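Shown next: structure-v4.txt, given as compact mmCIF, C-alpha atoms.
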# COMPACT_ATOMS: atom_id res chain seq x y z
CA MET A 1 22.22 -2.54 36.83
CA TYR A 2 22.51 -1.46 40.47
CA GLU A 3 22.01 -4.88 42.07
CA LYS A 4 25.43 -4.80 43.76
CA SER A 5 24.75 -1.34 45.22
CA VAL A 6 21.38 -2.49 46.57
CA GLU A 7 23.07 -5.56 48.09
CA LEU A 8 25.72 -3.40 49.80
CA LEU A 9 23.17 -0.87 51.01
CA ASN A 10 21.05 -3.68 52.49
CA LYS A 11 24.15 -5.01 54.29
CA ALA A 12 24.55 -1.51 55.72
CA VAL A 13 20.87 -1.45 56.78
CA ALA A 14 21.33 -4.80 58.57
CA ASP A 15 24.49 -3.64 60.33
CA GLU A 16 22.95 -0.32 61.33
CA MET A 17 19.83 -2.06 62.68
CA SER A 18 22.08 -4.30 64.78
CA ALA A 19 23.91 -1.21 66.05
CA VAL A 20 20.64 0.49 67.01
CA HIS A 21 19.52 -2.56 68.97
CA GLN A 22 22.91 -2.95 70.68
CA TYR A 23 23.22 0.72 71.59
CA MET A 24 19.69 0.90 72.96
CA TYR A 25 20.42 -2.19 75.07
CA PHE A 26 23.52 -0.42 76.42
CA HIS A 27 21.49 2.75 76.95
CA PHE A 28 18.96 0.89 79.11
CA HIS A 29 21.64 -0.77 81.24
CA CYS A 30 23.77 2.35 81.69
CA GLU A 31 20.71 4.30 82.74
CA ASP A 32 19.72 1.54 85.15
CA GLN A 33 23.22 1.62 86.69
CA GLY A 34 23.08 5.40 87.14
CA TYR A 35 25.48 6.31 84.33
CA ASP A 36 23.28 8.91 82.70
CA LEU A 37 25.99 10.53 80.57
CA LEU A 38 26.99 7.23 78.99
CA ALA A 39 23.32 6.25 78.66
CA GLY A 40 22.75 9.49 76.78
CA LEU A 41 25.72 8.85 74.50
CA PHE A 42 24.42 5.39 73.60
CA MET A 43 20.92 6.71 72.93
CA LYS A 44 22.21 9.60 70.81
CA THR A 45 24.35 7.23 68.76
CA ALA A 46 21.39 4.84 68.28
CA ILE A 47 19.31 7.72 66.91
CA GLU A 48 22.11 8.69 64.54
CA GLU A 49 22.37 5.07 63.39
CA MET A 50 18.62 5.16 62.64
CA ASP A 51 19.31 8.12 60.37
CA HIS A 52 21.93 6.00 58.60
CA ILE A 53 19.28 3.32 57.99
CA GLU A 54 16.98 5.93 56.51
CA ARG A 55 19.65 7.26 54.14
CA CYS A 56 20.49 3.75 52.94
CA ALA A 57 16.81 2.86 52.54
CA GLU A 58 16.14 6.01 50.53
CA ARG A 59 19.03 5.16 48.21
CA ILE A 60 17.84 1.55 47.83
CA LEU A 61 14.38 2.74 46.86
CA PHE A 62 15.82 5.29 44.45
CA LEU A 63 17.75 2.46 42.77
CA GLY A 64 14.53 0.42 42.50
CA GLY A 65 15.50 -2.14 45.12
CA GLU A 66 13.73 -3.61 48.12
CA VAL A 67 14.76 -2.58 51.64
CA GLU A 68 15.48 -5.64 53.79
CA MET A 69 14.87 -4.81 57.46
CA ILE A 70 16.88 -7.61 59.06
CA SER A 71 19.49 -7.19 61.82
CA SER A 72 22.81 -8.82 61.05
CA LEU A 73 23.68 -9.77 64.64
CA PRO A 74 21.87 -10.55 67.88
CA VAL A 75 22.26 -8.16 70.82
CA GLN A 76 25.18 -9.03 73.07
CA LYS A 77 24.00 -8.98 76.68
CA ILE A 78 26.88 -7.04 78.24
CA HIS A 79 26.42 -5.24 81.57
CA ASP A 80 30.00 -4.16 82.26
CA VAL A 81 30.44 -0.56 81.09
CA LYS A 82 34.00 -0.97 79.86
CA GLU A 83 33.01 -4.03 77.82
CA MET A 84 30.11 -2.03 76.36
CA LEU A 85 32.42 0.77 75.30
CA VAL A 86 35.02 -1.58 73.85
CA LEU A 87 32.36 -3.38 71.80
CA ALA A 88 30.88 -0.06 70.64
CA ARG A 89 34.31 1.12 69.54
CA LYS A 90 34.87 -2.16 67.63
CA MET A 91 31.45 -1.92 65.98
CA GLU A 92 32.27 1.57 64.74
CA GLU A 93 35.71 0.47 63.56
CA ASP A 94 34.14 -2.40 61.59
CA ALA A 95 31.57 -0.04 60.05
CA ILE A 96 34.31 2.38 58.97
CA ARG A 97 36.23 -0.44 57.30
CA ASP A 98 33.13 -1.85 55.56
CA TYR A 99 31.82 1.51 54.36
CA ASN A 100 35.21 2.45 52.92
CA VAL A 101 35.35 -0.83 51.00
CA TRP A 102 31.74 -0.47 49.88
CA ALA A 103 32.30 3.12 48.75
CA ASN A 104 35.12 1.87 46.54
CA GLU A 105 32.99 -1.01 45.22
CA SER A 106 30.18 1.42 44.40
CA SER A 107 32.60 3.67 42.57
CA ALA A 108 33.97 0.71 40.61
CA ASN A 109 30.38 -0.07 39.58
CA ALA A 110 29.87 3.50 38.30
CA ASP A 111 27.48 4.41 41.15
CA ALA A 112 28.73 7.73 42.50
CA GLY A 113 25.50 8.35 44.43
CA THR A 114 25.89 5.23 46.56
CA ARG A 115 29.61 5.96 46.96
CA LYS A 116 28.69 9.35 48.41
CA VAL A 117 26.23 7.74 50.84
CA PHE A 118 28.94 5.40 52.12
CA GLU A 119 31.52 8.20 52.32
CA GLY A 120 29.11 10.27 54.42
CA LEU A 121 28.55 7.30 56.71
CA VAL A 122 32.32 6.86 57.12
CA ASP A 123 32.61 10.43 58.42
CA GLU A 124 29.89 9.88 61.02
CA GLU A 125 31.14 6.45 62.09
CA GLU A 126 34.62 7.93 62.58
CA ARG A 127 33.10 10.51 64.93
CA HIS A 128 31.30 7.74 66.84
CA PHE A 129 34.55 5.76 67.03
CA ASN A 130 36.35 8.77 68.50
CA GLN A 131 33.62 9.27 71.11
CA TYR A 132 33.80 5.65 72.26
CA ASP A 133 37.60 5.64 72.11
CA ASP A 134 37.67 8.75 74.33
CA GLU A 135 35.31 7.07 76.82
CA VAL A 136 37.44 3.90 76.92
CA SER A 137 40.55 6.05 77.47
CA SER A 138 38.88 7.97 80.30
CA LEU A 139 37.74 4.75 81.95
CA GLU A 140 41.24 3.27 81.66
CA LYS A 141 42.81 6.45 83.01
CA PHE A 142 40.42 7.10 85.91
CA GLY A 143 38.93 3.64 86.52
CA ASP A 144 35.91 3.35 88.78
CA ARG A 145 36.29 7.01 89.77
CA TYR A 146 35.15 7.94 86.26
CA LEU A 147 31.95 5.94 86.70
CA ALA A 148 31.46 7.26 90.23
CA LEU A 149 31.49 10.80 88.86
CA GLN A 150 28.66 9.88 86.52
CA SER A 151 26.61 8.49 89.41
CA ILE A 152 27.30 11.60 91.44
CA GLU A 153 26.08 13.72 88.51
CA ARG A 154 22.74 11.88 88.61
CA SER A 155 22.48 12.36 92.37
CA LYS A 156 23.17 16.09 92.02
CA ASN A 157 20.48 16.42 89.37
CA VAL A 158 17.93 14.51 91.44
CA ALA A 159 18.74 16.57 94.54
CA ALA A 160 18.36 19.78 92.52
CA GLY A 161 14.92 18.68 91.40
CA ALA A 162 15.85 18.04 87.78
CA PRO A 163 13.29 15.76 86.13
CA GLU A 164 14.43 12.21 85.52
CA ASP A 165 14.00 10.89 81.98
Please express the file's structure as C-alpha cells.
Amino acid sequence: MYEKSVELLNKAVADEMSAVHQYMYFHFHCEDQGYDLLAGLFMKTAIEEMDHIERCAERILFLGGEVEMISSLPVQKIHDVKEMLVLARKMEEDAIRDYNVWANESSANADAGTRKVFEGLVDEEERHFNQYDDEVSSLEKFGDRYLALQSIERSKNVAAGAPED
C-alpha cells in the first residue's frame, strides 16, 4: 500500500547521503585551506543532512519497507570555495523542489505521515539554501577579502591559544 512512499523516501535517503558525502568533502578542503567558518558550516549542514536520513529511514521502517543506503551521486572534487558554495546552493534548491513534489505525491497517495516528513525537510533545506546563498552573496560582494578574513580569524585563534579542531 505504501510502496510509492517507500520509494520516494529511499530517493531522499540516497540524495541526503550524497549531500553528506559532498559537504564533508567540502568541510575537509575548506579546513585545509584555512577557512574554518565555512568548514564549520559544511560540517554542520552534513550533520543535519544525517538527521534527515534518520527521519526518512524511520518512516520507511514504520511503513514496513527496506532502507536502501546508496548515494545517488559521486562526490564532486571541487577545491574552489565559490564553486563549492554554488554547488551547495544548487543541491539545496534541488532538494527543496524534490521534497515539495514528493510531499504532494505522498498526499495524493493518502500518506499524510510521509507528506509531513517531506514538508519538514523542505523547511530545513530552505534554511540551508539561504545560508549558502548568503555566503555566495558575501563572496561576490567582497571577493577574496571575504576569504582572507576567514584565514585571519584562524590565525587570531591560533595566536590566542585556542585549540585547533
| If we count all atoms listed in the file, what is near Ser72 of chain A at a cut-off of 6 Å, once residues fewer than 6 positions away on the same chain are taken out, given as a ChimeraX atom specification? | /A:14-15,18
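Reported to one decimal place, the separation of atom CA of Arg97 of chain A from atom CA of Ser138 of chain A is 24.6 Å.
Closest approach to Asp134 of chain A among A:Val122, A:Val20, A:Leu147, A:Leu85: A:Leu85, based on only C-alpha atoms.
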With all atoms listed in the file counted and 12 Å as the cut-off, give the residues of segment 94-164 of chain A in contact with segment 61-65 of chain A, each with its shortest interatomic distance in Å and the pair that gives it, as a tab-separated table.
residue	atom	partner	partner_atom	distance
A:Asp111	CA	A:Leu63	CA	10.1
A:Gly113	CA	A:Leu63	CA	9.9
A:Thr114	CA	A:Leu63	CA	9.4
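Straight-line separation from atom CA of Glu58 of chain A to atom CA of Ala103 of chain A: 16.5 Å.
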Could you give me segment 63-80 of chain A completed to N, CA and C atoms, formatted as a CSV table (one decimal), in the frame of the given file?
chain,number,residue,atom,x,y,z
A,63,LEU,N,17.2,3.4,43.7
A,63,LEU,CA,17.8,2.5,42.8
A,63,LEU,C,16.8,1.4,42.3
A,64,GLY,N,15.5,1.4,42.9
A,64,GLY,CA,14.5,0.4,42.5
A,64,GLY,C,14.6,-0.9,43.2
A,65,GLY,N,15.3,-0.9,44.3
A,65,GLY,CA,15.5,-2.1,45.1
A,65,GLY,C,14.5,-2.2,46.2
A,66,GLU,N,14.6,-3.3,47.0
A,66,GLU,CA,13.7,-3.6,48.1
A,66,GLU,C,14.6,-3.5,49.4
A,67,VAL,N,14.1,-2.8,50.4
A,67,VAL,CA,14.8,-2.6,51.6
A,67,VAL,C,14.5,-3.8,52.5
A,68,GLU,N,15.6,-4.5,52.9
A,68,GLU,CA,15.5,-5.6,53.8
A,68,GLU,C,15.7,-5.2,55.2
A,69,MET,N,14.8,-5.3,56.1
A,69,MET,CA,14.9,-4.8,57.5
A,69,MET,C,15.2,-6.0,58.4
A,70,ILE,N,16.4,-6.5,58.3
A,70,ILE,CA,16.9,-7.6,59.1
A,70,ILE,C,18.2,-7.2,59.8
A,71,SER,N,18.3,-7.4,61.1
A,71,SER,CA,19.5,-7.2,61.8
A,71,SER,C,20.5,-8.3,61.5
A,72,SER,N,21.8,-7.9,61.4
A,72,SER,CA,22.8,-8.8,61.0
A,72,SER,C,23.3,-9.6,62.2
A,73,LEU,N,23.2,-9.1,63.4
A,73,LEU,CA,23.7,-9.8,64.6
A,73,LEU,C,22.7,-9.7,65.8
A,74,PRO,N,22.7,-10.7,66.7
A,74,PRO,CA,21.9,-10.6,67.9
A,74,PRO,C,22.5,-9.6,68.9
A,75,VAL,N,21.7,-9.1,69.8
A,75,VAL,CA,22.3,-8.2,70.8
A,75,VAL,C,23.1,-9.0,71.8
A,76,GLN,N,24.3,-8.4,72.1
A,76,GLN,CA,25.2,-9.0,73.1
A,76,GLN,C,24.8,-8.5,74.4
A,77,LYS,N,24.5,-9.4,75.4
A,77,LYS,CA,24.0,-9.0,76.7
A,77,LYS,C,25.2,-8.7,77.6
A,78,ILE,N,25.7,-7.5,77.5
A,78,ILE,CA,26.9,-7.0,78.2
A,78,ILE,C,26.4,-6.0,79.3
A,79,HIS,N,26.8,-6.2,80.5
A,79,HIS,CA,26.4,-5.2,81.6
A,79,HIS,C,27.6,-4.4,82.1
A,80,ASP,N,28.8,-4.9,81.8
A,80,ASP,CA,30.0,-4.2,82.3
A,80,ASP,C,30.2,-3.0,81.3
